[in-house]
Amino acid sequence: MPVGSRVRRVAVIAAPPVSMFNLAIPEMLFGKVEIDGRPGYETVICAPDPGPVTTTGGLDLVVPRGLDAVEGADTVILAGSGAYEDPDPRVLDVLRASAGEGKRIASICTGAFALAEAGLLDGRAATTYWAYRPLLAARHPAVDLQDDVLFVQDGPVLTSSGYAAGIDLCLHVIRTDHGAAVANSVARLALVAPVRPGGQTQFTQTPLPPERGVSFADTRAWAMAHLDEPLGLTDLARHAGVSVRTLSRRFHAETGVSPLQWLLHQRVERAKELLETTSLGMDRVARASGLGSADSLRQHVLRRTGLTPSAYRSSFNRLTGADAP
């Protein structure tokens, strides 16, 4: 049975007043994962006190499950809460117990405060929404707080910055469990960007209105269709109809990364999909993804995933029977 075919349980903790958007992200994304026609995840929402749970928007949600739902979970996600400065002791106890059992622990937005209060972030790299970073740093100086990143994974503990970065964190979890092809399929179904690197800045300041009406969405789409070609800054700038200098400056403003960083990330993701879904040899995977050679493929996949291309294919192979390599 390929790695990732087991149904994994995700428990999402709603600590009042909970962010409705934070709470919806895991259910939306994990609920779209299908492996061989079966659900890849079971997502359970729970609360310290089952029943009506207040939200940061002033509405009440009915959450029928209590924190006992965490016991059978593989992954525990704490949604952001308006009570981040005074986390519920029951939630802290559950987080500590879950960490002690080796569960994967994650937080979205202000959920990082509870993870820090539980002692789970001491000595670990972590992040939170930029507006709350000074407070978290002051209250928990033992946390290795990362500036301007979307999400951070340090061992089994993951933290994300505000709101939409929770989407990136959940897609990262799906990609880790089931591979790039499954994660990208979920992203397409949810109409979100398939890959935003965790190290991408929280600040993507695009001037309004854009200079000369320039946006590089079309150029990025064109580049995705030509990843197997030796694209460089000059090629991207020529397609966009701007100078290399303008491309570099405004591309970073739109995406948070440089054009070449973005291009390399997409090439590695293409290579991972090809390793999962085809039986192509390593040289052909390297050429088709634009990474050039099998040595380059090995270097970049190993750096990104911790696995050699062959080991990655063995772990996330989506082929069966005669199609398998």
# chains A, B, ... in the order shown; residues from 1 in each chain; ligands from 1
>>> select_by_dssp(residues="range 68-317 of chain A", states="helix (DSSP H, G or I)", output="ChimeraX atom specification")
/A:68-70,89-100,111-117,130-139,165-178,180-190,211-213,217-224,233-240,244-255,259-277,282-289,294-305,309-316
